[in-house]
>>> print(open('input_6.pdb').read())   # PDB, C-alpha atoms, pLDDT in the B column
ATOM      1  CA  MET A   1     -10.202 -14.007  12.126  1.00 46.00           C
ATOM      2  CA  SER A   2     -10.367 -16.945  14.531  1.00 46.00           C
ATOM      3  CA  ASP A   3      -7.684 -19.154  13.036  1.00 51.00           C
ATOM      4  CA  ALA A   4      -4.236 -17.794  13.855  1.00 52.00           C
ATOM      5  CA  ALA A   5      -2.559 -19.801  11.083  1.00 61.00           C
ATOM      6  CA  ALA A   6      -2.707 -18.165   7.659  1.00 64.00           C
ATOM      7  CA  ALA A   7      -3.937 -20.407   4.855  1.00 83.00           C
ATOM      8  CA  VAL A   8      -2.080 -18.400   2.200  1.00 93.00           C
ATOM      9  CA  ASP A   9       1.708 -18.701   2.202  1.00 95.00           C
ATOM     10  CA  LEU A  10       3.371 -15.357   2.856  1.00 97.00           C
ATOM     11  CA  ASP A  11       6.834 -14.523   1.541  1.00 97.00           C
ATOM     12  CA  PHE A  12       8.637 -12.345   4.074  1.00 97.00           C
ATOM     13  CA  GLY A  13      11.893 -12.477   2.075  1.00 95.00           C
ATOM     14  CA  GLU A  14      15.356 -11.672   3.370  1.00 94.00           C
ATOM     15  CA  SER A  15      14.224  -8.675   5.428  1.00 94.00           C
ATOM     16  CA  GLY A  16      11.671 -10.757   7.334  1.00 97.00           C
ATOM     17  CA  ARG A  17       8.945  -8.160   6.811  1.00 97.00           C
ATOM     18  CA  ILE A  18       6.462  -7.074   4.177  1.00 98.00           C
ATOM     19  CA  PRO A  19       4.390  -3.930   3.695  1.00 98.00           C
ATOM     20  CA  ALA A  20       0.815  -3.790   4.952  1.00 98.00           C
ATOM     21  CA  VAL A  21      -1.559  -1.120   3.665  1.00 98.00           C
ATOM     22  CA  ALA A  22      -4.331  -0.057   6.027  1.00 98.00           C
ATOM     23  CA  GLN A  23      -7.521   0.818   4.154  1.00 98.00           C
ATOM     24  CA  ASP A  24     -10.766   2.150   5.598  1.00 98.00           C
ATOM     25  CA  ALA A  25     -13.160  -0.787   5.211  1.00 98.00           C
ATOM     26  CA  ASP A  26     -16.127   1.485   4.471  1.00 97.00           C
ATOM     27  CA  SER A  27     -14.787   4.385   2.398  1.00 97.00           C
ATOM     28  CA  GLY A  28     -11.882   2.592   0.720  1.00 98.00           C
ATOM     29  CA  GLU A  29      -9.531   5.433   1.706  1.00 98.00           C
ATOM     30  CA  ILE A  30      -5.912   4.344   2.117  1.00 98.00           C
ATOM     31  CA  LEU A  31      -4.927   5.308   5.653  1.00 98.00           C
ATOM     32  CA  MET A  32      -1.277   4.332   6.053  1.00 98.00           C
ATOM     33  CA  LEU A  33       1.452   1.924   5.039  1.00 98.00           C
ATOM     34  CA  ALA A  34       3.661   0.149   7.549  1.00 98.00           C
ATOM     35  CA  TYR A  35       5.565  -3.107   7.787  1.00 98.00           C
ATOM     36  CA  VAL A  36       4.675  -6.431   9.349  1.00 98.00           C
ATOM     37  CA  THR A  37       6.598  -9.474  10.512  1.00 98.00           C
ATOM     38  CA  PRO A  38       5.065 -12.945  10.932  1.00 97.00           C
ATOM     39  CA  GLU A  39       4.601 -12.104  14.616  1.00 97.00           C
ATOM     40  CA  ALA A  40       2.783  -8.838  13.782  1.00 98.00           C
ATOM     41  CA  VAL A  41       0.389 -10.685  11.463  1.00 98.00           C
ATOM     42  CA  GLU A  42      -0.204 -13.355  14.087  1.00 97.00           C
ATOM     43  CA  ARG A  43      -0.949 -10.769  16.792  1.00 98.00           C
ATOM     44  CA  THR A  44      -3.279  -8.936  14.415  1.00 98.00           C
ATOM     45  CA  ARG A  45      -5.206 -12.126  13.717  1.00 97.00           C
ATOM     46  CA  GLU A  46      -5.327 -13.102  17.375  1.00 97.00           C
ATOM     47  CA  THR A  47      -6.545  -9.731  18.632  1.00 98.00           C
ATOM     48  CA  GLY A  48      -8.453  -8.331  15.630  1.00 98.00           C
ATOM     49  CA  ARG A  49      -6.475  -5.097  16.057  1.00 98.00           C
ATOM     50  CA  ALA A  50      -3.755  -3.976  13.641  1.00 98.00           C
ATOM     51  CA  HIS A  51      -0.178  -4.671  14.711  1.00 98.00           C
ATOM     52  CA  TYR A  52       2.915  -3.657  12.789  1.00 98.00           C
ATOM     53  CA  TYR A  53       6.684  -3.844  13.116  1.00 98.00           C
ATOM     54  CA  SER A  54       8.629  -0.620  13.598  1.00 95.00           C
ATOM     55  CA  ARG A  55      11.817  -0.642  11.529  1.00 89.00           C
ATOM     56  CA  SER A  56      13.286   2.287  13.480  1.00 90.00           C
ATOM     57  CA  ARG A  57      12.430   1.001  16.957  1.00 92.00           C
ATOM     58  CA  GLU A  58      12.880  -2.635  15.875  1.00 93.00           C
ATOM     59  CA  GLU A  59       9.810  -3.767  17.755  1.00 97.00           C
ATOM     60  CA  LEU A  60       6.267  -4.971  17.368  1.00 98.00           C
ATOM     61  CA  TRP A  61       3.696  -2.230  17.963  1.00 97.00           C
ATOM     62  CA  GLU A  62      -0.037  -2.039  18.160  1.00 98.00           C
ATOM     63  CA  LYS A  63      -1.530   0.856  16.241  1.00 98.00           C
ATOM     64  CA  GLY A  64      -3.285   3.133  18.716  1.00 96.00           C
ATOM     65  CA  ALA A  65      -1.651   1.707  21.843  1.00 95.00           C
ATOM     66  CA  THR A  66      -0.566   5.253  22.792  1.00 90.00           C
ATOM     67  CA  SER A  67      -3.150   7.414  21.032  1.00 91.00           C
ATOM     68  CA  GLY A  68      -6.189   5.191  21.409  1.00 95.00           C
ATOM     69  CA  HIS A  69      -6.597   5.342  17.644  1.00 97.00           C
ATOM     70  CA  VAL A  70      -6.756   1.597  17.192  1.00 98.00           C
ATOM     71  CA  GLN A  71      -7.621  -0.151  13.946  1.00 98.00           C
ATOM     72  CA  HIS A  72     -10.220  -2.917  14.139  1.00 98.00           C
ATOM     73  CA  VAL A  73      -9.316  -5.297  11.341  1.00 98.00           C
ATOM     74  CA  GLU A  74     -12.296  -6.600   9.388  1.00 98.00           C
ATOM     75  CA  GLU A  75     -10.347  -8.468   6.718  1.00 98.00           C
ATOM     76  CA  ILE A  76      -6.761  -9.138   5.646  1.00 98.00           C
ATOM     77  CA  LEU A  77      -6.069  -9.452   1.927  1.00 98.00           C
ATOM     78  CA  VAL A  78      -2.908 -10.959   0.404  1.00 98.00           C
ATOM     79  CA  ASP A  79      -1.467 -10.119  -2.990  1.00 98.00           C
ATOM     80  CA  CYS A  80      -0.649 -12.599  -5.759  1.00 97.00           C
ATOM     81  CA  ASP A  81       3.003 -12.935  -4.696  1.00 96.00           C
ATOM     82  CA  GLY A  82       2.217 -13.206  -0.978  1.00 98.00           C
ATOM     83  CA  ASP A  83       4.555 -10.335  -0.201  1.00 98.00           C
ATOM     84  CA  ALA A  84       2.133  -7.506   0.576  1.00 98.00           C
ATOM     85  CA  LEU A  85      -1.016  -7.237   2.700  1.00 98.00           C
ATOM     86  CA  VAL A  86      -4.068  -5.027   2.913  1.00 98.00           C
ATOM     87  CA  TYR A  87      -5.639  -4.541   6.330  1.00 98.00           C
ATOM     88  CA  GLN A  88      -9.264  -3.478   5.836  1.00 98.00           C
ATOM     89  CA  VAL A  89      -9.991  -1.622   9.053  1.00 98.00           C
ATOM     90  CA  ASP A  90     -12.432   0.362  11.103  1.00 98.00           C
ATOM     91  CA  GLN A  91     -10.200   3.240  12.257  1.00 98.00           C
ATOM     92  CA  GLU A  92     -10.795   4.927  15.608  1.00 97.00           C
ATOM     93  CA  GLY A  93      -9.906   8.651  15.444  1.00 95.00           C
ATOM     94  CA  GLY A  94      -7.317   9.242  12.725  1.00 96.00           C
ATOM     95  CA  ALA A  95      -4.538   7.059  11.377  1.00 97.00           C
ATOM     96  CA  CYS A  96      -1.844   9.727  11.128  1.00 97.00           C
ATOM     97  CA  HIS A  97       0.185  11.101  14.042  1.00 94.00           C
ATOM     98  CA  THR A  98      -0.174  14.547  12.392  1.00 95.00           C
ATOM     99  CA  GLY A  99      -3.908  14.534  13.131  1.00 96.00           C
ATOM    100  CA  TYR A 100      -5.014  13.720   9.610  1.00 97.00           C
ATOM    101  CA  GLU A 101      -7.382  10.865   8.971  1.00 97.00           C
ATOM    102  CA  SER A 102      -4.880   9.382   6.496  1.00 98.00           C
ATOM    103  CA  CYS A 103      -1.096   9.602   6.345  1.00 98.00           C
ATOM    104  CA  PHE A 104      -1.555  10.203   2.598  1.00 98.00           C
ATOM    105  CA  TYR A 105      -2.981  13.697   3.100  1.00 98.00           C
ATOM    106  CA  ARG A 106      -0.796  15.459   0.507  1.00 97.00           C
ATOM    107  CA  THR A 107      -0.272  15.243  -3.209  1.00 98.00           C
ATOM    108  CA  ILE A 108       3.280  14.942  -4.517  1.00 97.00           C
ATOM    109  CA  ASP A 109       2.999  18.617  -5.478  1.00 97.00           C
ATOM    110  CA  GLY A 110       2.444  19.524  -1.831  1.00 96.00           C
ATOM    111  CA  GLU A 111      -1.268  20.231  -1.982  1.00 97.00           C
ATOM    112  CA  THR A 112      -3.164  19.155   1.145  1.00 97.00           C
ATOM    113  CA  VAL A 113      -6.108  16.961   0.180  1.00 97.00           C
ATOM    114  CA  GLY A 114      -6.738  15.123   3.461  1.00 96.00           C
ATOM    115  CA  GLU A 115      -8.910  15.974   6.406  1.00 93.00           C
ATOM    116  CA  GLN A 116      -7.552  16.766   9.883  1.00 95.00           C
ATOM    117  CA  VAL A 117      -9.640  14.867  12.414  1.00 95.00           C
ATOM    118  CA  PHE A 118      -7.817  15.427  15.708  1.00 94.00           C
ATOM    119  CA  ASP A 119      -5.319  17.750  17.380  1.00 93.00           C
ATOM    120  CA  PRO A 120      -2.032  15.849  17.728  1.00 92.00           C
ATOM    121  CA  ASP A 121      -0.895  18.060  20.626  1.00 91.00           C
ATOM    122  CA  ALA A 122      -3.918  16.927  22.608  1.00 89.00           C
ATOM    123  CA  VAL A 123      -3.371  13.248  21.865  1.00 83.00           C
ATOM    124  CA  TYR A 124       0.409  12.824  22.080  1.00 73.00           C
ATOM    125  CA  GLU A 125       1.630  14.589  25.207  1.00 63.00           C
TER     126      GLU A 125
ATOM    127  CA  MET B   1       1.231  16.276 -13.447  1.00 46.00           C
ATOM    128  CA  SER B   2       3.071  18.798 -15.647  1.00 45.00           C
ATOM    129  CA  ASP B   3       5.974  19.601 -13.359  1.00 51.00           C
ATOM    130  CA  ALA B   4       8.447  16.714 -13.248  1.00 52.00           C
ATOM    131  CA  ALA B   5       9.997  17.916  -9.976  1.00 61.00           C
ATOM    132  CA  ALA B   6       8.199  16.800  -6.835  1.00 64.00           C
ATOM    133  CA  ALA B   7       7.395  19.553  -4.329  1.00 83.00           C
ATOM    134  CA  VAL B   8       7.288  17.105  -1.411  1.00 93.00           C
ATOM    135  CA  ASP B   9      10.627  15.646  -0.324  1.00 94.00           C
ATOM    136  CA  LEU B  10      10.685  11.875  -0.708  1.00 97.00           C
ATOM    137  CA  ASP B  11      12.853   9.632   1.470  1.00 97.00           C
ATOM    138  CA  PHE B  12      14.089   6.703  -0.600  1.00 97.00           C
ATOM    139  CA  GLY B  13      16.344   5.483   2.240  1.00 95.00           C
ATOM    140  CA  GLU B  14      19.238   3.083   1.911  1.00 94.00           C
ATOM    141  CA  SER B  15      17.504   0.798  -0.579  1.00 94.00           C
ATOM    142  CA  GLY B  16      16.833   3.677  -2.960  1.00 97.00           C
ATOM    143  CA  ARG B  17      13.205   2.658  -3.418  1.00 97.00           C
ATOM    144  CA  ILE B  18       9.870   3.017  -1.672  1.00 98.00           C
ATOM    145  CA  PRO B  19       6.541   1.198  -2.016  1.00 98.00           C
ATOM    146  CA  ALA B  20       3.822   2.628  -4.238  1.00 98.00           C
ATOM    147  CA  VAL B  21       0.232   1.434  -3.856  1.00 98.00           C
ATOM    148  CA  ALA B  22      -1.928   1.606  -6.972  1.00 98.00           C
ATOM    149  CA  GLN B  23      -5.540   2.419  -6.144  1.00 98.00           C
ATOM    150  CA  ASP B  24      -8.483   2.639  -8.528  1.00 98.00           C
ATOM    151  CA  ALA B  25      -9.271   6.349  -8.631  1.00 98.00           C
ATOM    152  CA  ASP B  26     -13.016   5.757  -8.920  1.00 97.00           C
ATOM    153  CA  SER B  27     -13.802   2.714  -6.770  1.00 97.00           C
ATOM    154  CA  GLY B  28     -11.001   3.085  -4.203  1.00 98.00           C
ATOM    155  CA  GLU B  29     -10.048  -0.565  -4.688  1.00 98.00           C
ATOM    156  CA  ILE B  30      -6.384  -1.295  -3.987  1.00 98.00           C
ATOM    157  CA  LEU B  31      -5.002  -2.860  -7.162  1.00 98.00           C
ATOM    158  CA  MET B  32      -1.356  -3.691  -6.447  1.00 98.00           C
ATOM    159  CA  LEU B  33       1.755  -2.730  -4.541  1.00 98.00           C
ATOM    160  CA  ALA B  34       5.143  -2.352  -6.186  1.00 98.00           C
ATOM    161  CA  TYR B  35       8.305  -0.355  -5.653  1.00 98.00           C
ATOM    162  CA  VAL B  36       9.514   2.892  -7.177  1.00 98.00           C
ATOM    163  CA  THR B  37      12.853   4.632  -7.540  1.00 98.00           C
ATOM    164  CA  PRO B  38      13.265   8.385  -8.130  1.00 97.00           C
ATOM    165  CA  GLU B  39      13.528   7.595 -11.847  1.00 97.00           C
ATOM    166  CA  ALA B  40      10.273   5.603 -11.787  1.00 98.00           C
ATOM    167  CA  VAL B  41       8.443   8.481 -10.112  1.00 98.00           C
ATOM    168  CA  GLU B  42       9.909  10.939 -12.604  1.00 97.00           C
ATOM    169  CA  ARG B  43       8.859   8.808 -15.592  1.00 98.00           C
ATOM    170  CA  THR B  44       5.383   8.416 -14.092  1.00 98.00           C
ATOM    171  CA  ARG B  45       5.016  12.167 -13.749  1.00 97.00           C
ATOM    172  CA  GLU B  46       6.383  12.842 -17.210  1.00 97.00           C
ATOM    173  CA  THR B  47       4.177  10.319 -18.995  1.00 98.00           C
ATOM    174  CA  GLY B  48       1.082  10.169 -16.762  1.00 98.00           C
ATOM    175  CA  ARG B  49       1.396   6.358 -16.821  1.00 98.00           C
ATOM    176  CA  ALA B  50       2.486   4.296 -13.826  1.00 98.00           C
ATOM    177  CA  HIS B  51       6.129   3.198 -13.807  1.00 98.00           C
ATOM    178  CA  TYR B  52       7.729   1.012 -11.159  1.00 98.00           C
ATOM    179  CA  TYR B  53      11.094  -0.582 -10.403  1.00 98.00           C
ATOM    180  CA  SER B  54      11.390  -4.357 -10.543  1.00 95.00           C
ATOM    181  CA  ARG B  55      13.501  -5.667  -7.686  1.00 89.00           C
ATOM    182  CA  SER B  56      13.947  -9.075  -9.345  1.00 90.00           C
ATOM    183  CA  ARG B  57      14.793  -7.769 -12.818  1.00 92.00           C
ATOM    184  CA  GLU B  58      16.519  -4.687 -11.395  1.00 93.00           C
ATOM    185  CA  GLU B  59      14.991  -2.400 -13.976  1.00 97.00           C
ATOM    186  CA  LEU B  60      12.444   0.321 -14.515  1.00 98.00           C
ATOM    187  CA  TRP B  61       9.194  -0.962 -15.990  1.00 97.00           C
ATOM    188  CA  GLU B  62       6.009   0.560 -17.235  1.00 98.00           C
ATOM    189  CA  LYS B  63       2.876  -1.200 -16.031  1.00 98.00           C
ATOM    190  CA  GLY B  64       1.048  -2.575 -19.057  1.00 96.00           C
ATOM    191  CA  ALA B  65       3.973  -2.292 -21.482  1.00 95.00           C
ATOM    192  CA  THR B  66       3.526  -5.995 -22.339  1.00 90.00           C
ATOM    193  CA  SER B  67      -0.140  -6.603 -21.516  1.00 91.00           C
ATOM    194  CA  GLY B  68      -1.583  -3.274 -22.597  1.00 95.00           C
ATOM    195  CA  HIS B  69      -3.038  -2.952 -19.105  1.00 97.00           C
ATOM    196  CA  VAL B  70      -1.590   0.475 -18.457  1.00 98.00           C
ATOM    197  CA  GLN B  71      -2.433   2.650 -15.480  1.00 98.00           C
ATOM    198  CA  HIS B  72      -3.303   6.278 -16.214  1.00 98.00           C
ATOM    199  CA  VAL B  73      -2.234   8.167 -13.112  1.00 98.00           C
ATOM    200  CA  GLU B  74      -4.706  10.816 -11.982  1.00 98.00           C
ATOM    201  CA  GLU B  75      -2.956  11.758  -8.746  1.00 98.00           C
ATOM    202  CA  ILE B  76       0.067  10.796  -6.664  1.00 98.00           C
ATOM    203  CA  LEU B  77      -0.254  11.013  -2.880  1.00 98.00           C
ATOM    204  CA  VAL B  78       2.679  11.023  -0.438  1.00 98.00           C
ATOM    205  CA  ASP B  79       2.553   9.848   3.164  1.00 98.00           C
ATOM    206  CA  CYS B  80       3.599  11.865   6.212  1.00 97.00           C
ATOM    207  CA  ASP B  81       7.132  10.415   6.245  1.00 96.00           C
ATOM    208  CA  GLY B  82       7.649  10.757   2.506  1.00 98.00           C
ATOM    209  CA  ASP B  83       8.527   7.089   2.219  1.00 98.00           C
ATOM    210  CA  ALA B  84       5.396   5.624   0.587  1.00 98.00           C
ATOM    211  CA  LEU B  85       3.215   6.681  -2.349  1.00 98.00           C
ATOM    212  CA  VAL B  86      -0.306   6.102  -3.583  1.00 98.00           C
ATOM    213  CA  TYR B  87      -0.889   6.154  -7.324  1.00 98.00           C
ATOM    214  CA  GLN B  88      -4.575   6.909  -7.949  1.00 98.00           C
ATOM    215  CA  VAL B  89      -5.130   5.368 -11.365  1.00 98.00           C
ATOM    216  CA  ASP B  90      -7.518   4.595 -14.149  1.00 98.00           C
ATOM    217  CA  GLN B  91      -6.635   0.932 -14.829  1.00 98.00           C
ATOM    218  CA  GLU B  92      -6.965  -0.523 -18.329  1.00 97.00           C
ATOM    219  CA  GLY B  93      -7.958  -4.218 -18.177  1.00 95.00           C
ATOM    220  CA  GLY B  94      -6.819  -5.725 -14.880  1.00 96.00           C
ATOM    221  CA  ALA B  95      -3.856  -4.978 -12.652  1.00 97.00           C
ATOM    222  CA  CYS B  96      -2.872  -8.555 -11.828  1.00 97.00           C
ATOM    223  CA  HIS B  97      -0.955 -10.893 -14.127  1.00 94.00           C
ATOM    224  CA  THR B  98      -3.300 -13.671 -12.917  1.00 95.00           C
ATOM    225  CA  GLY B  99      -6.244 -12.011 -14.672  1.00 96.00           C
ATOM    226  CA  TYR B 100      -7.786 -10.548 -11.557  1.00 97.00           C
ATOM    227  CA  GLU B 101      -8.670  -6.884 -11.420  1.00 97.00           C
ATOM    228  CA  SER B 102      -6.593  -6.541  -8.235  1.00 98.00           C
ATOM    229  CA  CYS B 103      -3.529  -8.452  -7.046  1.00 98.00           C
ATOM    230  CA  PHE B 104      -5.260  -8.518  -3.635  1.00 98.00           C
ATOM    231  CA  TYR B 105      -7.911 -10.995  -4.755  1.00 98.00           C
ATOM    232  CA  ARG B 106      -7.606 -13.383  -1.781  1.00 97.00           C
ATOM    233  CA  THR B 107      -8.110 -13.176   1.938  1.00 98.00           C
ATOM    234  CA  ILE B 108      -5.343 -14.429   4.194  1.00 97.00           C
ATOM    235  CA  ASP B 109      -7.540 -17.486   4.785  1.00 97.00           C
ATOM    236  CA  GLY B 110      -7.395 -18.306   1.076  1.00 96.00           C
ATOM    237  CA  GLU B 111     -10.896 -17.219   0.115  1.00 97.00           C
ATOM    238  CA  THR B 112     -11.111 -15.622  -3.336  1.00 97.00           C
ATOM    239  CA  VAL B 113     -12.866 -12.253  -3.088  1.00 97.00           C
ATOM    240  CA  GLY B 114     -11.618 -10.571  -6.280  1.00 96.00           C
ATOM    241  CA  GLU B 115     -13.013 -10.544  -9.779  1.00 92.00           C
ATOM    242  CA  GLN B 116     -11.232 -12.100 -12.752  1.00 95.00           C
ATOM    243  CA  VAL B 117     -11.427  -9.634 -15.637  1.00 95.00           C
ATOM    244  CA  PHE B 118      -9.205 -11.179 -18.313  1.00 94.00           C
ATOM    245  CA  ASP B 119      -7.697 -14.500 -19.387  1.00 93.00           C
ATOM    246  CA  PRO B 120      -3.947 -14.341 -18.648  1.00 92.00           C
ATOM    247  CA  ASP B 121      -3.189 -17.022 -21.259  1.00 91.00           C
ATOM    248  CA  ALA B 122      -4.654 -14.773 -23.928  1.00 89.00           C
ATOM    249  CA  VAL B 123      -2.729 -11.694 -22.798  1.00 83.00           C
ATOM    250  CA  TYR B 124       0.700 -13.089 -21.924  1.00 73.00           C
ATOM    251  CA  GLU B 125       1.796 -15.424 -24.720  1.00 64.00           C
TER     252      GLU B 125
END
>>> encode(input="input_6.pdb", output="structure tokens")
Amino acid sequence: MSDAAAAVDLDFGESGRIPAVAQDADSGEILMLAYVTPEAVERTRETGRAHYYSRSREELWEKGATSGHVQHVEEILVDCDGDALVYQVDQEGGACHTGYESCFYRTIDGETVGEQVFDPDAVYE
Amino acid sequence: MSDAAAAVDLDFGESGRIPAVAQDADSGEILMLAYVTPEAVERTRETGRAHYYSRSREELWEKGATSGHVQHVEEILVDCDGDALVYQVDQEGGACHTGYESCFYRTIDGETVGEQVFDPDAVYE
């Protein structure tokens, strides 16, 4: 993670951003999906902590900057087309603002399958 | 997977599509990321096989329709915002058209970490 320049060409397309999937480096659980710009990838590589780009707030953000639930990035994988990333991370606390470990805590039928790991009211005041 | 109507509201936004991450249901490996429309999700639920929407070809496609490398969908997970999916799948052959098991077979530094599981020249004529 020392070299800030990526060796693999990334294709950020017209929107200027691509999806990044955060995956627990140990368990393989998919924690969340967010979007990254070139700047977000660069900051992630420089700091070793996951950064994303908020489409609604139109700004770079560091995961966990408010909650303390930072993601330590062990590896970044790139797909064949260079237009999607996987962040393999060591997640502090939980990834989801709802208190679940993963944002993907429900099936499409509405069944809860994820584990709640913190109380969101205690973390986000 | 019997009910074709999703119980969780999905937010397809202005583009009319959301990303879906295919994950190996057994190993947890992330295999690929593609996009889905409401129709793609519906076809996936009806058939139990992963369908996506091709942005370049602007059409619904079934993974493996050409290669035989279909994805049997065991579960569909939805994220907290309803704007991203995980398809937990049993993958026939390999997910990537390059012959690798996963499209995420490289690190951002260009190191190959994935496993090649088929010869693409023999599959795609």
>>> residues_near_point(input="input_6.pdb", point="(5.5, 11.0, -19.2)", cutoff="12 Å", atoms="all atoms listed in the file", output="PDB file with C-alpha atoms, keeping the file's coordinate frame")
ATOM      1  CA  MET B   1       1.231  16.276 -13.447  1.00 46.00           C
ATOM      2  CA  SER B   2       3.071  18.798 -15.647  1.00 45.00           C
ATOM      3  CA  ASP B   3       5.974  19.601 -13.359  1.00 51.00           C
ATOM      4  CA  ALA B   4       8.447  16.714 -13.248  1.00 52.00           C
ATOM      5  CA  GLU B  39      13.528   7.595 -11.847  1.00 97.00           C
ATOM      6  CA  ALA B  40      10.273   5.603 -11.787  1.00 98.00           C
ATOM      7  CA  VAL B  41       8.443   8.481 -10.112  1.00 98.00           C
ATOM      8  CA  GLU B  42       9.909  10.939 -12.604  1.00 97.00           C
ATOM      9  CA  ARG B  43       8.859   8.808 -15.592  1.00 98.00           C
ATOM     10  CA  THR B  44       5.383   8.416 -14.092  1.00 98.00           C
ATOM     11  CA  ARG B  45       5.016  12.167 -13.749  1.00 97.00           C
ATOM     12  CA  GLU B  46       6.383  12.842 -17.210  1.00 97.00           C
ATOM     13  CA  THR B  47       4.177  10.319 -18.995  1.00 98.00           C
ATOM     14  CA  GLY B  48       1.082  10.169 -16.762  1.00 98.00           C
ATOM     15  CA  ARG B  49       1.396   6.358 -16.821  1.00 98.00           C
ATOM     16  CA  ALA B  50       2.486   4.296 -13.826  1.00 98.00           C
ATOM     17  CA  HIS B  51       6.129   3.198 -13.807  1.00 98.00           C
ATOM     18  CA  GLU B  62       6.009   0.560 -17.235  1.00 98.00           C
ATOM     19  CA  HIS B  72      -3.303   6.278 -16.214  1.00 98.00           C
ATOM     20  CA  VAL B  73      -2.234   8.167 -13.112  1.00 98.00           C
TER      21      VAL B  73
END
>>> residues_around(input="input_6.pdb", residues="stretch 98-109 of chain A", least_positions_apart="3", cutoff="9 Å", atoms="only C-alpha atoms", output="PDB file with C-alpha atoms, keeping the file's coordinate frame")
ATOM      1  CA  GLU A  29      -9.531   5.433   1.706  1.00 98.00           C
ATOM      2  CA  ILE A  30      -5.912   4.344   2.117  1.00 98.00           C
ATOM      3  CA  LEU A  31      -4.927   5.308   5.653  1.00 98.00           C
ATOM      4  CA  MET A  32      -1.277   4.332   6.053  1.00 98.00           C
ATOM      5  CA  LEU A  33       1.452   1.924   5.039  1.00 98.00           C
ATOM      6  CA  GLN A  91     -10.200   3.240  12.257  1.00 98.00           C
ATOM      7  CA  GLY A  93      -9.906   8.651  15.444  1.00 95.00           C
ATOM      8  CA  GLY A  94      -7.317   9.242  12.725  1.00 96.00           C
ATOM      9  CA  ALA A  95      -4.538   7.059  11.377  1.00 97.00           C
ATOM     10  CA  THR A 112      -3.164  19.155   1.145  1.00 97.00           C
ATOM     11  CA  VAL A 113      -6.108  16.961   0.180  1.00 97.00           C
ATOM     12  CA  GLY A 114      -6.738  15.123   3.461  1.00 96.00           C
ATOM     13  CA  GLU A 115      -8.910  15.974   6.406  1.00 93.00           C
ATOM     14  CA  GLN A 116      -7.552  16.766   9.883  1.00 95.00           C
ATOM     15  CA  VAL A 117      -9.640  14.867  12.414  1.00 95.00           C
ATOM     16  CA  PHE A 118      -7.817  15.427  15.708  1.00 94.00           C
ATOM     17  CA  ASP A 119      -5.319  17.750  17.380  1.00 93.00           C
ATOM     18  CA  PRO A 120      -2.032  15.849  17.728  1.00 92.00           C
ATOM     19  CA  ASP A 121      -0.895  18.060  20.626  1.00 91.00           C
ATOM     20  CA  VAL A 123      -3.371  13.248  21.865  1.00 83.00           C
TER      21      VAL A 123
ATOM     22  CA  MET B   1       1.231  16.276 -13.447  1.00 46.00           C
ATOM     23  CA  ASP B   3       5.974  19.601 -13.359  1.00 51.00           C
ATOM     24  CA  ALA B   5       9.997  17.916  -9.976  1.00 61.00           C
ATOM     25  CA  ALA B   6       8.199  16.800  -6.835  1.00 64.00           C
ATOM     26  CA  ALA B   7       7.395  19.553  -4.329  1.00 83.00           C
ATOM     27  CA  VAL B   8       7.288  17.105  -1.411  1.00 93.00           C
ATOM     28  CA  ASP B   9      10.627  15.646  -0.324  1.00 94.00           C
ATOM     29  CA  LEU B  10      10.685  11.875  -0.708  1.00 97.00           C
ATOM     30  CA  GLU B  75      -2.956  11.758  -8.746  1.00 98.00           C
ATOM     31  CA  ILE B  76       0.067  10.796  -6.664  1.00 98.00           C
ATOM     32  CA  LEU B  77      -0.254  11.013  -2.880  1.00 98.00           C
ATOM     33  CA  VAL B  78       2.679  11.023  -0.438  1.00 98.00           C
ATOM     34  CA  ASP B  79       2.553   9.848   3.164  1.00 98.00           C
ATOM     35  CA  CYS B  80       3.599  11.865   6.212  1.00 97.00           C
ATOM     36  CA  ASP B  81       7.132  10.415   6.245  1.00 96.00           C
ATOM     37  CA  ALA B  84       5.396   5.624   0.587  1.00 98.00           C
ATOM     38  CA  LEU B  85       3.215   6.681  -2.349  1.00 98.00           C
ATOM     39  CA  VAL B  86      -0.306   6.102  -3.583  1.00 98.00           C
TER      40      VAL B  86
END
>>> atom_distance(input="input_6.pdb", atom1="atom CA of A:Pro38", atom2="atom CA of B:Glu14")
23.2 Å
>>> closest_residue(input="input_6.pdb", among="A:Tyr87, A:Tyr52, A:Trp61, A:Tyr124", to="chain B", atoms="all atoms listed in the file")
A:Tyr87
>>> resolve_selection(input="input_6.pdb", expression="the PyMOL selection byres ((chain A and resi 18) around 6)", output="tab-separated table (two decimals) with C-alpha atoms, in the frame of the given file")
chain	number	residue	atom	x	y	z
A	12	PHE	CA	8.64	-12.34	4.07
A	17	ARG	CA	8.94	-8.16	6.81
A	19	PRO	CA	4.39	-3.93	3.70
A	35	TYR	CA	5.56	-3.11	7.79
A	36	VAL	CA	4.68	-6.43	9.35
A	83	ASP	CA	4.56	-10.34	-0.20
A	84	ALA	CA	2.13	-7.51	0.58
>>> resolve_selection(input="input_6.pdb", expression="the PyMOL selection byres ((chain A and resi 26) around 9)", output="list of chain:residue names")
A:Gln23, A:Asp24, A:Ala25, A:Ser27, A:Gly28, A:Glu29, A:Gln88, A:Val89, A:Asp90
>>> atom_distance(input="input_6.pdb", atom1="atom CA of A:Thr66", atom2="atom CA of A:Ser15")
26.7 Å
>>> atom_distance(input="input_6.pdb", atom1="atom CA of A:Cys96", atom2="atom CA of A:Gly110")
16.8 Å
>>> closest_residue(input="input_6.pdb", among="A:Glu58, A:Glu111, A:Asp11, A:Glu92", to="chain B", atoms="all atoms listed in the file")
A:Glu111
>>> closest_residue(input="input_6.pdb", among="B:Gly64, B:Arg57, B:Glu74, B:Thr37", to="chain A", atoms="all atoms listed in the file")
B:Glu74
>>> closest_residue(input="input_6.pdb", among="B:Tyr53, B:Ser67, B:Gly16, B:Ala22", to="chain A", atoms="only C-alpha atoms")
B:Ala22
